[in-house]
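Student: structure14.pdb is reproduced below (PDB, C-alpha atoms).
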```
ATOM      1  CA  MET A  54     -14.776  27.807 -10.056
ATOM      2  CA  SER A  55     -16.875  30.074  -7.865
ATOM      3  CA  VAL A  56     -16.670  33.811  -8.103
ATOM      4  CA  ARG A  57     -17.617  36.404  -5.542
ATOM      5  CA  LYS A  58     -18.266  39.090  -8.133
ATOM      6  CA  LYS A  59     -21.473  41.025  -7.719
ATOM      7  CA  ILE A  60     -23.836  41.096 -10.675
ATOM      8  CA  LYS A  61     -24.365  44.810 -11.264
ATOM      9  CA  GLU A  62     -27.093  44.506 -13.886
ATOM     10  CA  PRO A  63     -30.662  44.593 -12.540
ATOM     11  CA  ASN A  64     -31.933  42.181 -15.216
ATOM     12  CA  GLY A  65     -30.847  39.978 -18.093
ATOM     13  CA  VAL A  66     -30.206  36.340 -18.923
ATOM     14  CA  PHE A  67     -27.526  34.647 -16.849
ATOM     15  CA  PHE A  68     -25.944  31.212 -16.823
ATOM     16  CA  ILE A  69     -25.693  30.382 -13.106
ATOM     17  CA  THR A  70     -23.846  27.478 -11.479
ATOM     18  CA  PHE A  71     -23.812  26.640  -7.800
ATOM     19  CA  THR A  72     -22.230  23.657  -6.115
ATOM     20  CA  CYS A  73     -22.851  21.568  -3.015
ATOM     21  CA  ALA A  74     -20.256  21.943  -0.265
ATOM     22  CA  ARG A  75     -17.084  20.053  -1.196
ATOM     23  CA  TRP A  76     -18.905  18.632  -4.222
ATOM     24  CA  LEU A  77     -20.938  16.259  -2.026
ATOM     25  CA  HIS A  78     -23.741  14.485  -3.891
ATOM     26  CA  LEU A  79     -26.421  16.033  -1.672
ATOM     27  CA  PHE A  80     -29.205  16.172  -4.264
ATOM     28  CA  ARG A  81     -28.855  12.441  -4.903
ATOM     29  CA  VAL A  82     -28.317  11.438  -1.248
ATOM     30  CA  THR A  83     -31.437  13.337  -0.152
ATOM     31  CA  ASN A  84     -33.387  12.946  -3.385
ATOM     32  CA  GLY A  85     -33.617  16.715  -2.995
ATOM     33  CA  TYR A  86     -34.150  17.629  -6.634
ATOM     34  CA  ASP A  87     -37.630  18.858  -5.711
ATOM     35  CA  ALA A  88     -36.080  21.704  -3.675
ATOM     36  CA  VAL A  89     -34.609  23.114  -6.888
ATOM     37  CA  TYR A  90     -37.935  22.759  -8.715
ATOM     38  CA  ARG A  91     -39.712  24.607  -5.883
ATOM     39  CA  TRP A  92     -37.145  27.400  -6.160
ATOM     40  CA  PHE A  93     -37.754  27.531  -9.924
ATOM     41  CA  ASP A  94     -41.511  27.810  -9.247
ATOM     42  CA  TYR A  95     -40.850  30.684  -6.849
ATOM     43  CA  LEU A  96     -38.671  32.460  -9.438
ATOM     44  CA  LYS A  97     -41.349  32.067 -12.105
ATOM     45  CA  ALA A  98     -43.995  33.432  -9.703
ATOM     46  CA  GLN A  99     -41.768  36.508  -9.282
ATOM     47  CA  GLY A 100     -41.715  37.053 -13.062
ATOM     48  CA  HIS A 101     -38.310  35.536 -13.807
ATOM     49  CA  CYS A 102     -37.880  32.904 -16.536
ATOM     50  CA  ILE A 103     -36.110  29.542 -16.381
ATOM     51  CA  ALA A 104     -34.715  29.117 -19.897
ATOM     52  CA  GLY A 105     -32.919  25.821 -19.216
ATOM     53  CA  TYR A 106     -31.388  23.751 -16.454
ATOM     54  CA  VAL A 107     -29.694  20.587 -15.338
ATOM     55  CA  ILE A 108     -29.671  19.408 -11.726
ATOM     56  CA  MET A 109     -26.748  17.095 -11.144
ATOM     57  CA  SER A 110     -26.183  15.174  -7.916
ATOM     58  CA  ASN A 111     -23.760  17.814  -6.596
ATOM     59  CA  HIS A 112     -24.343  20.996  -8.598
ATOM     60  CA  VAL A 113     -26.902  22.928 -10.609
ATOM     61  CA  HIS A 114     -26.592  24.772 -13.915
ATOM     62  CA  VAL A 115     -29.458  27.072 -14.867
ATOM     63  CA  LEU A 116     -30.151  29.730 -17.477
ATOM     64  CA  ILE A 117     -32.344  32.357 -15.829
ATOM     65  CA  GLY A 118     -33.922  35.402 -17.396
ATOM     66  CA  PHE A 119     -34.129  37.881 -14.519
ATOM     67  CA  ARG A 120     -36.528  40.778 -14.657
ATOM     68  CA  THR A 121     -35.802  43.921 -12.665
ATOM     69  CA  SER A 122     -36.963  43.556  -9.066
ATOM     70  CA  GLN A 123     -36.381  45.129  -5.655
ATOM     71  CA  LYS A 124     -33.727  42.493  -4.895
ATOM     72  CA  SER A 125     -30.378  42.196  -6.632
ATOM     73  CA  ILE A 126     -29.705  39.072  -8.661
ATOM     74  CA  ASN A 127     -27.022  38.073  -6.129
ATOM     75  CA  THR A 128     -29.596  38.297  -3.331
ATOM     76  CA  ILE A 129     -32.118  36.253  -5.322
ATOM     77  CA  ILE A 130     -29.519  33.496  -5.849
ATOM     78  CA  ALA A 131     -28.352  33.633  -2.217
ATOM     79  CA  ASN A 132     -31.938  33.377  -0.951
ATOM     80  CA  GLY A 133     -32.570  30.427  -3.287
ATOM     81  CA  LYS A 134     -29.485  28.615  -2.042
ATOM     82  CA  ARG A 135     -30.540  29.279   1.550
ATOM     83  CA  PHE A 136     -34.029  27.880   0.873
ATOM     84  CA  MET A 137     -32.574  24.768  -0.788
ATOM     85  CA  ALA A 138     -30.014  24.333   2.007
ATOM     86  CA  TYR A 139     -32.797  24.160   4.606
ATOM     87  CA  GLU A 140     -34.686  21.663   2.442
ATOM     88  CA  LEU A 141     -31.641  19.407   2.022
ATOM     89  CA  PHE A 142     -30.740  19.725   5.712
ATOM     90  CA  ASN A 143     -34.287  18.715   6.724
ATOM     91  CA  LYS A 144     -34.145  15.709   4.399
ATOM     92  CA  LEU A 145     -30.822  14.609   5.902
ATOM     93  CA  GLU A 146     -32.291  14.986   9.386
ATOM     94  CA  ALA A 147     -35.392  12.970   8.409
ATOM     95  CA  GLN A 148     -33.114  10.241   7.031
ATOM     96  CA  GLY A 149     -31.178  10.210  10.297
ATOM     97  CA  ASN A 150     -28.016  10.872   8.316
ATOM     98  CA  THR A 151     -25.994  12.214  11.257
ATOM     99  CA  GLU A 152     -22.711  11.354   9.538
ATOM    100  CA  MET A 153     -23.434  13.716   6.639
ATOM    101  CA  LEU A 154     -24.783  16.406   8.998
ATOM    102  CA  LYS A 155     -21.554  16.269  11.038
ATOM    103  CA  GLN A 156     -19.570  16.492   7.829
ATOM    104  CA  LEU A 157     -21.507  19.602   6.714
ATOM    105  CA  ALA A 158     -21.005  21.198  10.156
ATOM    106  CA  SER A 159     -17.258  20.576   9.910
ATOM    107  CA  TYR A 160     -17.045  22.657   6.704
ATOM    108  CA  LEU A 161     -17.972  25.909   8.465
ATOM    109  CA  SER A 162     -15.396  28.653   8.763
ATOM    110  CA  ASN A 163     -14.826  30.423  12.077
ATOM    111  CA  THR A 164     -16.719  33.436  10.721
ATOM    112  CA  GLU A 165     -19.715  31.268   9.784
ATOM    113  CA  ILE A 166     -19.689  29.690  13.250
ATOM    114  CA  LEU A 167     -19.676  33.171  14.829
ATOM    115  CA  GLN A 168     -22.648  34.024  12.597
ATOM    116  CA  LYS A 169     -24.460  31.052  14.210
ATOM    117  CA  GLN A 170     -24.555  28.976  11.031
ATOM    118  CA  LYS A 171     -24.962  25.257  11.675
ATOM    119  CA  HIS A 172     -24.010  23.630   8.357
ATOM    120  CA  ALA A 173     -22.334  24.490   5.050
ATOM    121  CA  VAL A 174     -24.608  22.907   2.441
ATOM    122  CA  PHE A 175     -23.367  24.852  -0.610
ATOM    123  CA  GLN A 176     -20.102  26.437  -1.651
ATOM    124  CA  PRO A 177     -20.251  30.032  -0.384
ATOM    125  CA  SER A 178     -20.443  31.651  -3.813
ATOM    126  CA  PHE A 179     -21.706  30.831  -7.291
ATOM    127  CA  ASP A 180     -20.429  31.169 -10.826
ATOM    128  CA  TRP A 181     -22.233  33.290 -13.398
ATOM    129  CA  LYS A 182     -21.919  34.396 -16.970
ATOM    130  CA  GLU A 183     -24.136  37.008 -18.559
ATOM    131  CA  CYS A 184     -25.654  35.801 -21.823
ATOM    132  CA  LEU A 185     -25.532  38.713 -24.254
ATOM    133  CA  SER A 186     -26.189  36.758 -27.459
ATOM    134  CA  LEU A 187     -28.247  33.795 -28.640
ATOM    135  CA  PRO A 188     -25.153  31.826 -29.761
ATOM    136  CA  PHE A 189     -23.652  32.209 -26.273
ATOM    137  CA  MET A 190     -26.938  31.094 -24.666
ATOM    138  CA  LYS A 191     -27.025  28.059 -26.970
ATOM    139  CA  GLN A 192     -23.418  27.231 -26.067
ATOM    140  CA  LYS A 193     -24.292  27.303 -22.360
ATOM    141  CA  ALA A 194     -27.498  25.284 -22.903
ATOM    142  CA  ASP A 195     -25.577  22.633 -24.849
ATOM    143  CA  TYR A 196     -22.881  22.544 -22.151
ATOM    144  CA  MET A 197     -25.352  21.981 -19.331
ATOM    145  CA  HIS A 198     -27.511  19.498 -21.265
ATOM    146  CA  LEU A 199     -24.424  17.408 -22.105
ATOM    147  CA  ASN A 200     -23.272  17.391 -18.460
ATOM    148  CA  PRO A 201     -25.089  14.113 -17.582
ATOM    149  CA  CYS A 202     -23.643  12.457 -20.709
ATOM    150  CA  LYS A 203     -20.093  13.501 -19.814
ATOM    151  CA  ALA A 204     -20.681  12.140 -16.300
ATOM    152  CA  GLY A 205     -21.686   8.788 -17.824
ATOM    153  CA  LEU A 206     -25.227   8.939 -16.421
ATOM    154  CA  VAL A 207     -27.020   8.767 -19.776
ATOM    155  CA  LYS A 208     -26.152   8.251 -23.426
ATOM    156  CA  VAL A 209     -28.171  11.201 -24.778
ATOM    157  CA  PRO A 210     -29.146  14.419 -22.936
ATOM    158  CA  GLU A 211     -32.918  13.932 -23.199
ATOM    159  CA  GLU A 212     -32.688  10.716 -21.127
ATOM    160  CA  TYR A 213     -31.627  12.607 -17.997
ATOM    161  CA  ALA A 214     -34.659  13.258 -15.779
ATOM    162  CA  HIS A 215     -33.499  16.476 -14.079
ATOM    163  CA  SER A 216     -32.827  18.552 -17.165
ATOM    164  CA  SER A 217     -34.622  20.748 -19.662
ATOM    165  CA  ALA A 218     -32.981  18.780 -22.506
ATOM    166  CA  LYS A 219     -36.121  16.727 -23.162
ATOM    167  CA  TYR A 220     -37.964  19.975 -23.903
ATOM    168  CA  TYR A 221     -35.284  21.296 -26.238
ATOM    169  CA  TYR A 222     -34.544  18.021 -28.036
ATOM    170  CA  MET A 223     -38.011  16.457 -28.129
ATOM    171  CA  GLY A 224     -40.483  19.257 -27.359
ATOM    172  CA  GLN A 225     -41.695  17.493 -24.194
ATOM    173  CA  GLN A 226     -42.308  19.362 -20.966
TER     174      GLN A 226
END
```
In structure tokens, what does this structure look like?
Tutor:
Amino acid sequence: MSVRKKIKEPNGVFFITFTCARWLHLFRVTNGYDAVYRWFDYLKAQGHCIAGYVIMSNHVHVLIGFRTSQKSINTIIANGKRFMAYELFNKLEAQGNTEMLKQLASYLSNTEILQKQKHAVFQPSFDWKECLSLPFMKQKADYMHLNPCKAGLVKVPEEYAHSSAKYYYMGQQ
């Protein structure tokens, strides 16, 4: 469930989840997993830390250690989603997937149309939990790493390609 609550803290470790519009499998359809990895690279270049992640076909879970910066954490997440939305949109266009593009355009609210938006690629908000203890961080890491298993995609977490589980379970980057 998405929340529209602003993160007031300027830094800290947060478990973040964001979802494709209407739970569409946009990462799989576009093979757009690389857009998320590029966003992670950008975050790391800004001094933030990716502590764990899983990129599913229609949503992303990530543990991010944010350092204090000029931008709020909400703005950093919103900018990342915007960057990934353009990447996924461009991939759909390159595929000639006009059906999916029409579908994404149909999800816009009247306000978004007035703001000249063309497509709704992600749900408008994101879910977050601040991680104030190591046990809570471990709980969230286990939850996200088991996500592909619960979806029936793999038998064990480290088999899923778009996850940090292989690092945590086997020590492999």
Student: Applied to this file, what does the PyMOL selection byres ((chain A and resi 154-157) around 8) return in terms of residues, put as a PyMOL selection string?
Tutor: chain A and resi 74+142+145-146+150-153+158-161+172-174
Student: If I take atom CA of Ile108 of chain A and atom CA of Lys59 of chain A, how far is one from the other in Å, to one decimal?
Tutor: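 Atom CA of Lys59 of chain A lies 23.5 Å from atom CA of Ile108 of chain A.
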Student: In Å to one decimal, how far is atom CA of Tyr221 of chain A from atom CA of Asp87 of chain A?
Tutor: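 Atom CA of Asp87 of chain A sits 20.8 Å away from atom CA of Tyr221 of chain A.
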Student: Tell me, in Å to one decimal, how far atom CA of Thr70 of chain A is from atom CA of Phe179 of chain A.
Tutor: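 Pair atom CA of Thr70 of chain A / atom CA of Phe179 of chain A returns 5.8 Å.
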Student: Need to verify the contact set: segment 130-134 of chain A, 12 Å, only C-alpha atoms, exclusion of same-chain residues closer than 2 positions in sequence. Can you return it as a VMD selection string?
Tutor: chain A and resid 57 59 to 60 67 to 74 88 to 96 112 to 113 115 117 119 124 to 128 136 to 142 173 to 181
Student: I need the residue set behind the PyMOL selection byres ((chain A and resi 184) around 9) for this file; please write it as a ChimeraX atom specification.
Tutor: /A:65-68,116,182-183,185-190,193
Student: Of the candidates A:Leu206, A:Lys169, A:His198, A:Gly100, which shows the shortest atom-to-atom distance to Tyr220 of chain A, using all atoms listed in the file?
Tutor: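 When distances to Tyr220 of chain A are compared using all atoms listed in the file, the smallest one comes from A:His198.
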Student: Might you pull out every residue within 6 Å of Tyr106 of chain A, with only C-alpha atoms counted and same-chain residues fewer than 2 positions away left off, and present them as an MDAnalysis selection string?
Tutor: chainID A and resid 114:115 216:217
Student: Missing atoms in segment 70-81 of chain A: fill them in up to all heavy atoms and send the result as a compact mmCIF listing (two decimals), keeping the file's coordinate frame.
Tutor:
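Heads up, here's the output in rebuild-v2.txt:
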```
# COMPACT_ATOMS: atom_id res chain seq x y z
N THR A 70 -24.25 28.79 -11.99
CA THR A 70 -23.85 27.48 -11.48
C THR A 70 -23.58 27.61 -9.99
O THR A 70 -22.87 28.52 -9.57
CB THR A 70 -22.56 26.98 -12.17
OG1 THR A 70 -22.79 26.87 -13.57
CG2 THR A 70 -22.14 25.62 -11.62
N PHE A 71 -24.18 26.72 -9.22
CA PHE A 71 -23.81 26.64 -7.80
C PHE A 71 -23.60 25.18 -7.43
O PHE A 71 -24.16 24.28 -8.06
CB PHE A 71 -24.80 27.35 -6.87
CG PHE A 71 -26.23 26.92 -7.02
CD1 PHE A 71 -26.73 25.87 -6.26
CD2 PHE A 71 -27.08 27.58 -7.88
CE1 PHE A 71 -28.04 25.48 -6.38
CE2 PHE A 71 -28.41 27.19 -8.01
CZ PHE A 71 -28.88 26.14 -7.26
N THR A 72 -22.77 24.98 -6.43
CA THR A 72 -22.23 23.66 -6.12
C THR A 72 -22.46 23.32 -4.65
O THR A 72 -22.34 24.18 -3.78
CB THR A 72 -20.71 23.66 -6.40
OG1 THR A 72 -20.51 24.12 -7.74
CG2 THR A 72 -20.11 22.30 -6.24
N CYS A 73 -22.75 22.05 -4.39
CA CYS A 73 -22.85 21.57 -3.02
C CYS A 73 -21.48 21.67 -2.34
O CYS A 73 -20.45 21.60 -3.01
CB CYS A 73 -23.33 20.11 -2.98
SG CYS A 73 -25.01 19.90 -3.62
N ALA A 74 -21.50 21.84 -1.04
CA ALA A 74 -20.26 21.94 -0.26
C ALA A 74 -19.36 20.75 -0.58
O ALA A 74 -19.80 19.60 -0.57
CB ALA A 74 -20.57 21.99 1.22
N ARG A 75 -18.11 21.06 -0.89
CA ARG A 75 -17.08 20.05 -1.20
C ARG A 75 -17.53 19.04 -2.26
O ARG A 75 -17.12 17.90 -2.24
CB ARG A 75 -16.66 19.31 0.07
CG ARG A 75 -16.27 20.20 1.23
CD ARG A 75 -14.82 20.67 1.14
NE ARG A 75 -14.50 21.62 2.16
CZ ARG A 75 -13.87 21.33 3.29
NH1 ARG A 75 -13.49 20.11 3.56
NH2 ARG A 75 -13.62 22.28 4.16
N TRP A 76 -18.41 19.47 -3.12
CA TRP A 76 -18.90 18.63 -4.22
C TRP A 76 -19.61 17.36 -3.73
O TRP A 76 -19.66 16.35 -4.43
CB TRP A 76 -17.78 18.29 -5.21
CG TRP A 76 -17.35 19.48 -6.01
CD1 TRP A 76 -16.41 20.41 -5.65
CD2 TRP A 76 -17.86 19.90 -7.26
NE1 TRP A 76 -16.30 21.38 -6.62
CE2 TRP A 76 -17.18 21.09 -7.63
CE3 TRP A 76 -18.83 19.40 -8.12
CZ2 TRP A 76 -17.43 21.77 -8.80
CZ3 TRP A 76 -19.06 20.08 -9.30
CH2 TRP A 76 -18.38 21.25 -9.64
N LEU A 77 -20.17 17.41 -2.53
CA LEU A 77 -20.94 16.26 -2.03
C LEU A 77 -22.17 16.05 -2.90
O LEU A 77 -22.76 17.01 -3.39
CB LEU A 77 -21.37 16.50 -0.58
CG LEU A 77 -20.27 16.50 0.47
CD1 LEU A 77 -20.84 16.90 1.83
CD2 LEU A 77 -19.61 15.14 0.56
N HIS A 78 -22.60 14.83 -3.03
CA HIS A 78 -23.74 14.48 -3.89
C HIS A 78 -25.05 14.62 -3.11
O HIS A 78 -25.83 13.67 -3.00
CB HIS A 78 -23.55 13.08 -4.46
CG HIS A 78 -22.34 12.98 -5.34
ND1 HIS A 78 -22.38 13.21 -6.68
CD2 HIS A 78 -21.04 12.71 -5.05
CE1 HIS A 78 -21.18 13.08 -7.19
NE2 HIS A 78 -20.35 12.79 -6.22
N LEU A 79 -25.29 15.82 -2.58
CA LEU A 79 -26.42 16.03 -1.67
C LEU A 79 -27.78 15.89 -2.34
O LEU A 79 -28.73 15.44 -1.71
CB LEU A 79 -26.31 17.40 -1.00
CG LEU A 79 -25.13 17.57 -0.06
CD1 LEU A 79 -25.04 18.99 0.46
CD2 LEU A 79 -25.25 16.58 1.09
N PHE A 80 -27.90 16.30 -3.60
CA PHE A 80 -29.20 16.17 -4.26
C PHE A 80 -29.57 14.70 -4.43
O PHE A 80 -30.72 14.31 -4.22
CB PHE A 80 -29.21 16.90 -5.61
CG PHE A 80 -29.18 18.39 -5.48
CD1 PHE A 80 -28.06 19.10 -5.87
CD2 PHE A 80 -30.25 19.09 -4.95
CE1 PHE A 80 -28.01 20.48 -5.74
CE2 PHE A 80 -30.21 20.46 -4.80
CZ PHE A 80 -29.09 21.16 -5.20
N ARG A 81 -28.59 13.87 -4.75
CA ARG A 81 -28.86 12.44 -4.90
C ARG A 81 -29.09 11.79 -3.55
O ARG A 81 -30.05 11.03 -3.37
CB ARG A 81 -27.70 11.74 -5.64
CG ARG A 81 -28.04 10.27 -5.95
CD ARG A 81 -26.84 9.52 -6.35
NE ARG A 81 -25.87 9.77 -5.29
CZ ARG A 81 -24.60 9.46 -5.32
NH1 ARG A 81 -24.10 8.88 -6.33
NH2 ARG A 81 -23.79 9.70 -4.33
```
